[in-house]
file coords03.cif (mmCIF, C-alpha atoms)
data_run
#
loop_
_atom_site.group_PDB
_atom_site.id
_atom_site.type_symbol
_atom_site.label_atom_id
_atom_site.label_comp_id
_atom_site.auth_asym_id
_atom_site.auth_seq_id
_atom_site.Cartn_x
_atom_site.Cartn_y
_atom_site.Cartn_z
ATOM 1 C CA MET A 1 125.500 45.535 3.907
ATOM 2 C CA ALA A 2 125.606 49.136 5.034
ATOM 3 C CA ARG A 3 122.472 51.117 4.301
ATOM 4 C CA VAL A 4 123.346 54.550 2.954
ATOM 5 C CA SER A 5 120.876 57.166 1.784
ATOM 6 C CA GLY A 6 121.966 58.737 -1.475
ATOM 7 C CA ALA A 7 124.279 57.564 -4.213
ATOM 8 C CA GLN A 8 126.455 54.655 -3.206
ATOM 9 C CA ALA A 9 129.363 56.280 -5.045
ATOM 10 C CA ASN A 10 129.255 59.076 -2.512
ATOM 11 C CA SER A 11 129.646 56.802 0.467
ATOM 12 C CA LYS A 12 133.384 57.491 0.312
ATOM 13 C CA ALA A 13 132.518 60.904 1.713
ATOM 14 C CA LEU A 14 130.621 59.334 4.612
ATOM 15 C CA ILE A 15 133.539 57.015 5.319
ATOM 16 C CA ALA A 16 135.984 59.943 5.195
ATOM 17 C CA LEU A 17 133.879 61.923 7.675
ATOM 18 C CA GLY A 18 133.603 58.895 9.948
ATOM 19 C CA VAL A 19 137.378 58.433 9.897
ATOM 20 C CA ALA A 20 137.875 62.135 10.732
ATOM 21 C CA ILE A 21 135.367 61.959 13.597
ATOM 22 C CA ARG A 22 137.007 58.838 15.030
ATOM 23 C CA ALA A 23 140.507 60.326 14.755
ATOM 24 C CA ARG A 24 139.421 63.533 16.473
ATOM 25 C CA ARG A 25 137.541 61.603 19.173
ATOM 26 C CA LYS A 26 140.560 59.411 19.936
ATOM 27 C CA SER A 27 142.926 62.387 19.905
ATOM 28 C CA ILE A 28 140.986 63.908 22.794
ATOM 29 C CA GLY A 29 140.559 60.587 24.592
ATOM 30 C CA LEU A 30 136.788 60.194 24.469
ATOM 31 C CA SER A 31 134.909 56.938 24.036
ATOM 32 C CA GLN A 32 132.297 56.540 21.330
ATOM 33 C CA GLU A 33 129.707 56.168 24.064
ATOM 34 C CA ALA A 34 130.748 59.415 25.761
ATOM 35 C CA VAL A 35 130.509 61.346 22.504
ATOM 36 C CA ALA A 36 127.156 59.778 21.652
ATOM 37 C CA ASN A 37 125.773 60.640 25.087
ATOM 38 C CA SER A 38 127.048 64.212 25.036
ATOM 39 C CA ALA A 39 125.804 64.763 21.489
ATOM 40 C CA GLY A 40 122.411 63.276 22.322
ATOM 41 C CA LEU A 41 122.792 60.502 19.774
ATOM 42 C CA ASP A 42 122.055 56.820 20.078
ATOM 43 C CA ARG A 43 125.341 54.952 20.508
ATOM 44 C CA SER A 44 124.597 52.557 17.659
ATOM 45 C CA HIS A 45 123.817 55.518 15.373
ATOM 46 C CA MET A 46 127.127 57.087 16.407
ATOM 47 C CA GLY A 47 128.927 53.849 15.526
ATOM 48 C CA LYS A 48 127.273 53.819 12.109
ATOM 49 C CA ILE A 49 128.307 57.421 11.504
ATOM 50 C CA GLU A 50 131.931 56.579 12.390
ATOM 51 C CA ARG A 51 131.828 53.655 9.948
ATOM 52 C CA GLY A 52 130.313 55.817 7.199
ATOM 53 C CA GLU A 53 127.131 53.776 7.172
ATOM 54 C CA ARG A 54 124.753 56.684 7.682
ATOM 55 C CA ASN A 55 124.174 59.860 5.715
ATOM 56 C CA VAL A 56 124.619 62.239 8.638
ATOM 57 C CA THR A 57 122.717 65.526 8.871
ATOM 58 C CA LEU A 58 124.233 68.960 9.383
ATOM 59 C CA LEU A 59 122.703 69.277 12.854
ATOM 60 C CA ASN A 60 124.225 65.963 13.930
ATOM 61 C CA ILE A 61 127.611 66.906 12.451
ATOM 62 C CA MET A 62 127.410 70.085 14.516
ATOM 63 C CA ARG A 63 126.452 68.236 17.693
ATOM 64 C CA ILE A 64 129.378 65.848 17.233
ATOM 65 C CA ALA A 65 131.781 68.674 16.358
ATOM 66 C CA GLY A 66 130.722 70.555 19.494
ATOM 67 C CA VAL A 67 131.437 67.566 21.731
ATOM 68 C CA LEU A 68 134.805 67.145 19.990
ATOM 69 C CA ASN A 69 135.671 70.811 20.620
ATOM 70 C CA THR A 70 135.881 71.628 16.945
ATOM 71 C CA SER A 71 133.635 73.066 14.251
ATOM 72 C CA ALA A 72 131.609 71.326 11.563
ATOM 73 C CA SER A 73 133.669 73.004 8.811
ATOM 74 C CA ALA A 74 136.938 71.905 10.466
ATOM 75 C CA LEU A 75 135.707 68.302 10.747
ATOM 76 C CA LEU A 76 134.774 68.317 7.051
ATOM 77 C CA ALA A 77 138.119 69.886 6.165
ATOM 78 C CA ASP A 78 139.876 67.126 8.179
ATOM 79 C CA ALA A 79 137.958 64.659 5.994
ATOM 80 C CA LYS A 80 138.993 66.603 2.862
ATOM 81 C CA LEU A 81 135.343 67.162 1.977
ATOM 82 C CA MET B 1 105.884 77.071 10.258
ATOM 83 C CA ALA B 2 109.137 75.571 9.101
ATOM 84 C CA ARG B 3 109.593 71.896 9.867
ATOM 85 C CA VAL B 4 113.120 71.237 11.072
ATOM 86 C CA SER B 5 114.471 67.906 12.283
ATOM 87 C CA GLY B 6 116.512 68.303 15.453
ATOM 88 C CA ALA B 7 116.620 70.979 18.089
ATOM 89 C CA GLN B 8 114.887 74.189 17.080
ATOM 90 C CA ALA B 9 117.709 76.143 18.727
ATOM 91 C CA ASN B 10 120.051 74.785 16.104
ATOM 92 C CA SER B 11 118.028 76.041 13.184
ATOM 93 C CA LYS B 12 120.263 79.109 13.122
ATOM 94 C CA ALA B 13 122.887 76.799 11.660
ATOM 95 C CA LEU B 14 120.515 75.688 8.913
ATOM 96 C CA ILE B 15 119.662 79.302 8.141
ATOM 97 C CA ALA B 16 123.362 80.234 8.044
ATOM 98 C CA LEU B 17 124.095 77.403 5.620
ATOM 99 C CA GLY B 18 121.131 78.407 3.456
ATOM 100 C CA VAL B 19 122.371 82.000 3.333
ATOM 101 C CA ALA B 20 125.869 80.808 2.346
ATOM 102 C CA ILE B 21 124.469 78.535 -0.377
ATOM 103 C CA ARG B 22 122.295 81.321 -1.782
ATOM 104 C CA ALA B 23 125.186 83.833 -1.730
ATOM 105 C CA ARG B 24 127.506 81.410 -3.500
ATOM 106 C CA ARG B 25 124.818 80.472 -6.038
ATOM 107 C CA LYS B 26 124.118 84.122 -6.874
ATOM 108 C CA SER B 27 127.825 84.946 -7.074
ATOM 109 C CA ILE B 28 128.199 82.448 -9.891
ATOM 110 C CA GLY B 29 124.943 83.458 -11.565
ATOM 111 C CA LEU B 30 122.956 80.229 -11.236
ATOM 112 C CA SER B 31 119.224 79.978 -10.612
ATOM 113 C CA GLN B 32 117.881 77.901 -7.758
ATOM 114 C CA GLU B 33 116.280 75.639 -10.357
ATOM 115 C CA ALA B 34 119.557 75.110 -12.208
ATOM 116 C CA VAL B 35 121.358 74.155 -9.004
ATOM 117 C CA ALA B 36 118.534 71.849 -7.927
ATOM 118 C CA ASN B 37 118.539 70.113 -11.313
ATOM 119 C CA SER B 38 122.306 69.705 -11.446
ATOM 120 C CA ALA B 39 122.439 68.457 -7.863
ATOM 121 C CA GLY B 40 119.579 66.028 -8.469
ATOM 122 C CA LEU B 41 117.382 67.671 -5.850
ATOM 123 C CA ASP B 42 113.729 68.598 -5.995
ATOM 124 C CA ARG B 43 113.465 72.354 -6.541
ATOM 125 C CA SER B 44 111.139 72.818 -3.580
ATOM 126 C CA HIS B 45 113.570 70.906 -1.356
ATOM 127 C CA MET B 46 116.375 73.165 -2.619
ATOM 128 C CA GLY B 47 114.284 76.224 -1.724
ATOM 129 C CA LYS B 48 113.707 74.863 1.773
ATOM 130 C CA ILE B 49 117.428 74.228 2.211
ATOM 131 C CA GLU B 50 118.207 77.825 1.176
ATOM 132 C CA ARG B 51 115.653 79.080 3.707
ATOM 133 C CA GLY B 52 117.066 76.883 6.473
ATOM 134 C CA GLU B 53 113.851 74.894 6.712
ATOM 135 C CA ARG B 54 115.411 71.473 6.245
ATOM 136 C CA ASN B 55 118.109 69.615 8.120
ATOM 137 C CA VAL B 56 120.312 68.906 5.126
ATOM 138 C CA THR B 57 122.441 65.754 4.886
ATOM 139 C CA LEU B 58 126.154 65.617 4.177
ATOM 140 C CA LEU B 59 125.617 63.973 0.782
ATOM 141 C CA ASN B 60 123.223 66.748 -0.266
ATOM 142 C CA ILE B 61 125.614 69.444 1.014
ATOM 143 C CA MET B 62 128.284 67.808 -1.144
ATOM 144 C CA ARG B 63 126.048 67.657 -4.208
ATOM 145 C CA ILE B 64 125.185 71.334 -3.819
ATOM 146 C CA ALA B 65 128.818 72.298 -3.163
ATOM 147 C CA GLY B 66 129.887 70.427 -6.288
ATOM 148 C CA VAL B 67 127.400 72.303 -8.469
ATOM 149 C CA LEU B 68 128.564 75.562 -6.883
ATOM 150 C CA ASN B 69 132.202 74.716 -7.662
ATOM 151 C CA THR B 70 133.211 74.685 -4.040
ATOM 152 C CA SER B 71 133.676 72.113 -1.279
ATOM 153 C CA ALA B 72 131.378 71.136 1.559
ATOM 154 C CA SER B 73 133.905 72.352 4.144
ATOM 155 C CA ALA B 74 134.259 75.712 2.356
ATOM 156 C CA LEU B 75 130.473 76.166 2.259
ATOM 157 C CA LEU B 76 130.268 75.450 5.989
ATOM 158 C CA ALA B 77 133.174 77.789 6.649
ATOM 159 C CA ASP B 78 131.345 80.505 4.649
ATOM 160 C CA ALA B 79 128.410 79.936 6.989
ATOM 161 C CA LYS B 80 130.753 80.123 10.010
ATOM 162 C CA LEU B 81 129.751 76.616 11.058
#

call {"tool": "encode", "arguments": {"input": "coords03.cif", "output": "structure tokens"}}
result
Amino acid sequence: MARVSGAQANSKALIALGVAIRARRKSIGLSQEAVANSAGLDRSHMGKIERGERNVTLLNIMRIAGVLNTSASALLADAKL
Amino acid sequence: MARVSGAQANSKALIALGVAIRARRKSIGLSQEAVANSAGLDRSHMGKIERGERNVTLLNIMRIAGVLNTSASALLADAKL
């Protein structure tokens, strides 16, 4: 079972962000590994973020957004958060 | 000295978010304590978030945004993140 910090009911938000990150990543043709490496994140952590299994921090959202050539607020807006 | 998870260089982002949260909170006339209580956060943690001294998670950004009657993406956009 996925381990999520915070209320389980809110994990929909984590899943929505993960879906938005994955969609953006695929739209610019990057692999999960490439994004993880460029963002300085462990690849398995990156996978968990994309599956909504981790409560991601602002600084990591910003690192990922930077690699994906977008902004943190735009990524969250894509996820309707 | 403030303890910040992640690269120190990125703490400007945490400060910008804290400034945006504080501005929004004051604009709707809520005390820091009221927001902390409604969001289910420790008041001292809330103070550290407003001062940019903590790397805040997405779920906590969403809890705070909800209490402030806004969205997480709008709060980040206010902070130009």

call {"tool": "atom_distance", "arguments": {"input": "coords03.cif", "atom1": "atom CA of Ala13 of chain B", "atom2": "atom CA of Ala79 of chain B"}}
result
7.9 Å

call {"tool": "atom_distance", "arguments": {"input": "coords03.cif", "atom1": "atom CA of Met46 of chain B", "atom2": "atom CA of Ala20 of chain A"}}
result
27.6 Å

call {"tool": "interface_residues", "arguments": {"input": "coords03.cif", "of": "chain B", "to": "chain A", "cutoff": "8 Å", "atoms": "all atoms listed in the file", "output": "VMD selection string"}}
result
chain B and resid 6 10 13 to 14 55 to 59 62 71 to 77 80 to 81

call {"tool": "residues_near_point", "arguments": {"input": "coords03.cif", "point": "(129.6, 59.8, 24.1)", "cutoff": "12 Å", "atoms": "all atoms listed in the file", "output": "list in words"}}
result
Arg22, Arg25, Lys26, Gly29, Leu30, Ser31, Gln32, Glu33, Ala34, Val35, Ala36, Asn37, Ser38, Ala39, Gly40, Leu41, Asp42, Arg43, Ser44, His45, Met46, Gly47, Arg63, Ile64, Ala65, Gly66, Val67 and Leu68 of chain A

call {"tool": "calpha_fit_and_write", "arguments": {"input": "coords03.cif", "fixed": "chain B", "moving": "chain A", "output": "PDB file with C-alpha atoms, in the coordinates of the input"}}
result
ATOM      1  CA  MET A   1     105.904  77.102  10.319  1.00  0.00           C
ATOM      2  CA  ALA A   2     109.133  75.595   9.074  1.00  0.00           C
ATOM      3  CA  ARG A   3     109.594  71.936   9.898  1.00  0.00           C
ATOM      4  CA  VAL A   4     113.130  71.269  11.089  1.00  0.00           C
ATOM      5  CA  SER A   5     114.472  67.944  12.296  1.00  0.00           C
ATOM      6  CA  GLY A   6     116.522  68.342  15.445  1.00  0.00           C
ATOM      7  CA  ALA A   7     116.607  71.018  18.101  1.00  0.00           C
ATOM      8  CA  GLN A   8     114.883  74.211  17.081  1.00  0.00           C
ATOM      9  CA  ALA A   9     117.698  76.177  18.720  1.00  0.00           C
ATOM     10  CA  ASN A  10     120.039  74.785  16.107  1.00  0.00           C
ATOM     11  CA  SER A  11     118.012  76.035  13.187  1.00  0.00           C
ATOM     12  CA  LYS A  12     120.261  79.103  13.133  1.00  0.00           C
ATOM     13  CA  ALA A  13     122.885  76.795  11.669  1.00  0.00           C
ATOM     14  CA  LEU A  14     120.504  75.682   8.919  1.00  0.00           C
ATOM     15  CA  ILE A  15     119.647  79.295   8.143  1.00  0.00           C
ATOM     16  CA  ALA A  16     123.348  80.224   8.051  1.00  0.00           C
ATOM     17  CA  LEU A  17     124.091  77.392   5.617  1.00  0.00           C
ATOM     18  CA  GLY A  18     121.133  78.391   3.458  1.00  0.00           C
ATOM     19  CA  VAL A  19     122.356  81.991   3.336  1.00  0.00           C
ATOM     20  CA  ALA A  20     125.860  80.801   2.360  1.00  0.00           C
ATOM     21  CA  ILE A  21     124.470  78.532  -0.370  1.00  0.00           C
ATOM     22  CA  ARG A  22     122.301  81.322  -1.782  1.00  0.00           C
ATOM     23  CA  ALA A  23     125.171  83.832  -1.729  1.00  0.00           C
ATOM     24  CA  ARG A  24     127.499  81.406  -3.493  1.00  0.00           C
ATOM     25  CA  ARG A  25     124.811  80.471  -6.033  1.00  0.00           C
ATOM     26  CA  LYS A  26     124.109  84.118  -6.875  1.00  0.00           C
ATOM     27  CA  SER A  27     127.814  84.953  -7.057  1.00  0.00           C
ATOM     28  CA  ILE A  28     128.196  82.456  -9.893  1.00  0.00           C
ATOM     29  CA  GLY A  29     124.932  83.461 -11.560  1.00  0.00           C
ATOM     30  CA  LEU A  30     122.950  80.243 -11.237  1.00  0.00           C
ATOM     31  CA  SER A  31     119.227  79.983 -10.607  1.00  0.00           C
ATOM     32  CA  GLN A  32     117.874  77.890  -7.763  1.00  0.00           C
ATOM     33  CA  GLU A  33     116.278  75.637 -10.352  1.00  0.00           C
ATOM     34  CA  ALA A  34     119.565  75.108 -12.202  1.00  0.00           C
ATOM     35  CA  VAL A  35     121.363  74.153  -9.000  1.00  0.00           C
ATOM     36  CA  ALA A  36     118.542  71.845  -7.933  1.00  0.00           C
ATOM     37  CA  ASN A  37     118.545  70.119 -11.320  1.00  0.00           C
ATOM     38  CA  SER A  38     122.314  69.713 -11.447  1.00  0.00           C
ATOM     39  CA  ALA A  39     122.449  68.463  -7.862  1.00  0.00           C
ATOM     40  CA  GLY A  40     119.598  66.032  -8.477  1.00  0.00           C
ATOM     41  CA  LEU A  41     117.396  67.661  -5.864  1.00  0.00           C
ATOM     42  CA  ASP A  42     113.749  68.591  -6.013  1.00  0.00           C
ATOM     43  CA  ARG A  43     113.471  72.347  -6.546  1.00  0.00           C
ATOM     44  CA  SER A  44     111.137  72.808  -3.588  1.00  0.00           C
ATOM     45  CA  HIS A  45     113.578  70.888  -1.362  1.00  0.00           C
ATOM     46  CA  MET A  46     116.373  73.152  -2.609  1.00  0.00           C
ATOM     47  CA  GLY A  47     114.284  76.208  -1.716  1.00  0.00           C
ATOM     48  CA  LYS A  48     113.713  74.838   1.778  1.00  0.00           C
ATOM     49  CA  ILE A  49     117.432  74.220   2.216  1.00  0.00           C
ATOM     50  CA  GLU A  50     118.201  77.819   1.178  1.00  0.00           C
ATOM     51  CA  ARG A  51     115.649  79.075   3.714  1.00  0.00           C
ATOM     52  CA  GLY A  52     117.076  76.856   6.465  1.00  0.00           C
ATOM     53  CA  GLU A  53     113.861  74.882   6.715  1.00  0.00           C
ATOM     54  CA  ARG A  54     115.421  71.461   6.231  1.00  0.00           C
ATOM     55  CA  ASN A  55     118.127  69.618   8.122  1.00  0.00           C
ATOM     56  CA  VAL A  56     120.313  68.893   5.106  1.00  0.00           C
ATOM     57  CA  THR A  57     122.434  65.743   4.863  1.00  0.00           C
ATOM     58  CA  LEU A  58     126.155  65.597   4.166  1.00  0.00           C
ATOM     59  CA  LEU A  59     125.602  63.975   0.767  1.00  0.00           C
ATOM     60  CA  ASN A  60     123.226  66.754  -0.276  1.00  0.00           C
ATOM     61  CA  ILE A  61     125.617  69.436   1.001  1.00  0.00           C
ATOM     62  CA  MET A  62     128.286  67.807  -1.152  1.00  0.00           C
ATOM     63  CA  ARG A  63     126.046  67.652  -4.216  1.00  0.00           C
ATOM     64  CA  ILE A  64     125.190  71.338  -3.826  1.00  0.00           C
ATOM     65  CA  ALA A  65     128.818  72.298  -3.163  1.00  0.00           C
ATOM     66  CA  GLY A  66     129.893  70.429  -6.301  1.00  0.00           C
ATOM     67  CA  VAL A  67     127.401  72.304  -8.474  1.00  0.00           C
ATOM     68  CA  LEU A  68     128.570  75.572  -6.890  1.00  0.00           C
ATOM     69  CA  ASN A  69     132.212  74.736  -7.679  1.00  0.00           C
ATOM     70  CA  THR A  70     133.224  74.683  -4.047  1.00  0.00           C
ATOM     71  CA  SER A  71     133.680  72.119  -1.292  1.00  0.00           C
ATOM     72  CA  ALA A  72     131.371  71.137   1.548  1.00  0.00           C
ATOM     73  CA  SER A  73     133.913  72.345   4.139  1.00  0.00           C
ATOM     74  CA  ALA A  74     134.258  75.713   2.359  1.00  0.00           C
ATOM     75  CA  LEU A  75     130.468  76.165   2.255  1.00  0.00           C
ATOM     76  CA  LEU A  76     130.264  75.433   5.991  1.00  0.00           C
ATOM     77  CA  ALA A  77     133.170  77.788   6.658  1.00  0.00           C
ATOM     78  CA  ASP A  78     131.347  80.508   4.649  1.00  0.00           C
ATOM     79  CA  ALA A  79     128.406  79.923   7.004  1.00  0.00           C
ATOM     80  CA  LYS A  80     130.762  80.105  10.017  1.00  0.00           C
ATOM     81  CA  LEU A  81     129.727  76.605  11.064  1.00  0.00           C
TER      82      LEU A  81
END

call {"tool": "atom_distance", "arguments": {"input": "coords03.cif", "atom1": "atom CA of Ile28 of chain B", "atom2": "atom CA of Ala16 of chain B"}}
result
18.7 Å

call {"tool": "residues_near_point", "arguments": {"input": "coords03.cif", "point": "(116.1, 79.2, 7.5)", "cutoff": "6 Å", "atoms": "all atoms listed in the file", "output": "list in words"}}
result
Leu14, Ile15, Arg51, Gly52 and Glu53 of chain B
